[in-house]
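Step one of this worksheet: look at the structure below.
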Amino acid sequence: MVKLTPQEFKSKYYYKTDLVELCRKFGLPVFGTKAELNGYVLKFLEGVPVNQIKPVRSPLRKTKLTTNEITLNTPLVGTGFSFNEDTRKFFAAYFGVEKFSFKKEMAIIKRQAEIDHDTTKTVGDLLKEYQDIKAEKKGSNIANTTPEESTYQWNNFVRAFSLSKKSNLFQHKMKVASILWVASRILCK
């Protein structure tokens with residue numbers, strides 16, 4: 001088997017499923033965001049022993065809260081609170097809208113509470129922080145200051161590439177996008 005170096009690992013784009021597979025192969029934690037999984041693999045490739053690589057967050061509790069069980073005082077950590085259809089209904093009612101879509105800033109706030117094991121941060125705190133971020137608009141954005149943001153780069157690249165009129169010249173857009181993505185990462189080093 002060919003040994004993967006940290007530099008080779010950093011030079012390639014991995015889907016989350018690929019990262020989970022690598023983590024399983026190396027005996028690393030398989031729960032987490034792409035940024036967390038990237039971190040586990042990178043630590044391993046840099047020589048950190050497997051038994052010293054611990055999950056940043058604990059896997060979610062199996063029991064999920066229903067819409068009626070969620071309140072502004074519900075802690076984000078340790079209660080079964082998750083971003084699902086019941087939570088969507090709660091937020092739709094809270095904001096007085098028919099349909100509600102979760103925002104990545106909300107997920108980032110929740111993940112940070114999980115990382116910090118902050119059992120005092122509530123749904124109300126999440127909504128206040130989210131509304132503060134939303135009000136800032138031009139200020140610093142929490143979503144742009146996390147390691148997770150780098151995992152969105154591929155999605156943003158593909159979106160921009162697909163919107164480009166020049167991409168219509170190619171029959172296999174995703175294949176071309178992938179080649180350009182890898183080439184741009186190599187050239188930008």
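Chain identifiers are assigned as A, B, and so on, following the order in which chains appear in the structure tokens; residues are numbered from 1 within each chain, and ligands are numbered from 1 in order of appearance.
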query: Among range 89-124 of chain A, which residues carry a DSSP assignment of alpha helix (DSSP H), reported as an MDAnalysis selection string?
result: chainID A and resid 89:95 104:115 123:124
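The list of residues with at least one atom within 12 Å of Gly32 in chain A, based on only C-alpha atoms and without residues fewer than 2 positions apart in the same chain, reads Lys16, Thr17, Leu19, Val20, Cys23, Leu28, Pro29, Val30, Lys34, Ala35, Glu36, Leu37, Asn38, Gly39, Tyr40, Lys54, Pro55, Val56, Arg57, Ser58, Pro59, Leu60, Arg111, Glu114, Ile115 and Glu148 of chain A.
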- request: Find the residues near Glu98 in chain A: any atom within 12 Å, counting only C-alpha atoms, skip ones fewer than 5 places away on the same chain, and give them as a ChimeraX atom specification.
  value: /A:88-93
- request: For Lys121 in chain A, work out the shell of residues within 7 Å, counting only C-alpha atoms and skipping chain neighbours fewer than 2 positions away, then give it as number ranges by chain.
  value: A: 75-76, 113, 118-119, 125
field: Nearest residue to Arg24 in chain A from the set A:Thr74, A:Glu8, A:Phe161, A:Val50 (distances using only C-alpha atoms)
entry: A:Val50
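The residue that comes closest to Thr67 in chain A, out of A:Tyr94, A:Asp18, A:Lys10, A:Thr120 and on the basis of only C-alpha atoms, is A:Tyr94.
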task: Might you pull out every residue within 10 Å of range 79-86 of chain A, with only C-alpha atoms counted and same-chain residues fewer than 6 positions away left off, and present them as a VMD selection string?
output: chain A and resid 60 to 70 92 100 to 102 106 to 107 110 119 122 to 123
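Going from CA of Gly78 in chain A to CA of Ile53 in chain A covers 22.3 Å.
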task: Determine the nearest neighbour of Ser184 in chain A from the options A:Thr87, A:Asn51, A:Ser167, A:Ser11, counting only C-alpha atoms.
output: A:Ser11
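Near Gln7 in chain A, within 10 Å and counting only C-alpha atoms, sit Leu4, Thr5, Phe9, Lys10, Ser11, Lys12, Leu42, Leu45 and Glu46 of chain A, not including residues fewer than 2 positions from it in the same chain.
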May I have the residues from that selection written out with N, CA and C atoms, as a PDB file, in the first residue's frame?
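Ended up saving to again_28.pdb:
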```pdb
ATOM      1  N   LEU A   4       0.323   7.683   2.200  1.00  0.00           N
ATOM      2  CA  LEU A   4      -0.177   9.022   1.888  1.00  0.00           C
ATOM      3  C   LEU A   4       0.540  10.027   2.779  1.00  0.00           C
ATOM      4  N   THR A   5       1.093  11.067   2.179  1.00  0.00           N
ATOM      5  CA  THR A   5       1.775  12.098   2.959  1.00  0.00           C
ATOM      6  C   THR A   5       0.786  13.223   3.270  1.00  0.00           C
ATOM      7  N   PHE A   9      -2.264  14.580   0.860  1.00  0.00           N
ATOM      8  CA  PHE A   9      -3.629  14.640   1.386  1.00  0.00           C
ATOM      9  C   PHE A   9      -4.207  16.038   1.204  1.00  0.00           C
ATOM     10  N   LYS A  10      -3.427  17.065   1.529  1.00  0.00           N
ATOM     11  CA  LYS A  10      -3.895  18.449   1.418  1.00  0.00           C
ATOM     12  C   LYS A  10      -4.117  18.880  -0.033  1.00  0.00           C
ATOM     13  N   SER A  11      -3.421  18.241  -0.964  1.00  0.00           N
ATOM     14  CA  SER A  11      -3.517  18.662  -2.361  1.00  0.00           C
ATOM     15  C   SER A  11      -4.732  18.088  -3.082  1.00  0.00           C
ATOM     16  N   LYS A  12      -5.457  17.190  -2.434  1.00  0.00           N
ATOM     17  CA  LYS A  12      -6.613  16.563  -3.082  1.00  0.00           C
ATOM     18  C   LYS A  12      -7.904  16.997  -2.402  1.00  0.00           C
ATOM     19  N   LEU A  42      -5.402  14.345   8.945  1.00  0.00           N
ATOM     20  CA  LEU A  42      -4.155  15.110   8.888  1.00  0.00           C
ATOM     21  C   LEU A  42      -3.289  14.847  10.121  1.00  0.00           C
ATOM     22  N   LEU A  45      -1.706  11.451   9.670  1.00  0.00           N
ATOM     23  CA  LEU A  45      -0.634  11.468   8.662  1.00  0.00           C
ATOM     24  C   LEU A  45       0.597  12.216   9.155  1.00  0.00           C
ATOM     25  N   GLU A  46       0.396  13.134  10.093  1.00  0.00           N
ATOM     26  CA  GLU A  46       1.527  13.879  10.661  1.00  0.00           C
ATOM     27  C   GLU A  46       2.192  13.134  11.816  1.00  0.00           C
TER      28      GLU A  46
END
```
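Between Gln112 in chain A and the residues A:Leu22, A:Thr33, A:Gln171, A:Pro6, the shortest atom-to-atom distance, using only C-alpha atoms, involves A:Thr33.
Residue neighbourhood of Tyr13 in chain A, excluding near-sequence residues (fewer than 5 positions): Trp154, Ser178, Trp181 and Val182 of chain A, at 9 Å, using only C-alpha atoms.
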For the residues selected in the previous step, produce a file with N, CA and C atoms as a PDB file, in the first residue's frame.
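Writing done, so here's selection_32.pdb:
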```pdb
ATOM      1  N   TRP A 154     -15.210  23.995  -2.489  1.00  0.00           N
ATOM      2  CA  TRP A 154     -15.519  23.186  -3.666  1.00  0.00           C
ATOM      3  C   TRP A 154     -16.932  23.486  -4.149  1.00  0.00           C
ATOM      4  N   SER A 178     -13.666  19.297 -11.734  1.00  0.00           N
ATOM      5  CA  SER A 178     -12.760  18.577 -10.848  1.00  0.00           C
ATOM      6  C   SER A 178     -11.307  18.761 -11.276  1.00  0.00           C
ATOM      7  N   TRP A 181     -10.268  22.296 -10.524  1.00  0.00           N
ATOM      8  CA  TRP A 181     -10.135  22.460  -9.076  1.00  0.00           C
ATOM      9  C   TRP A 181      -8.772  21.967  -8.597  1.00  0.00           C
ATOM     10  N   VAL A 182      -8.419  20.748  -8.992  1.00  0.00           N
ATOM     11  CA  VAL A 182      -7.140  20.175  -8.575  1.00  0.00           C
ATOM     12  C   VAL A 182      -5.981  21.002  -9.133  1.00  0.00           C
TER      13      VAL A 182
END
```
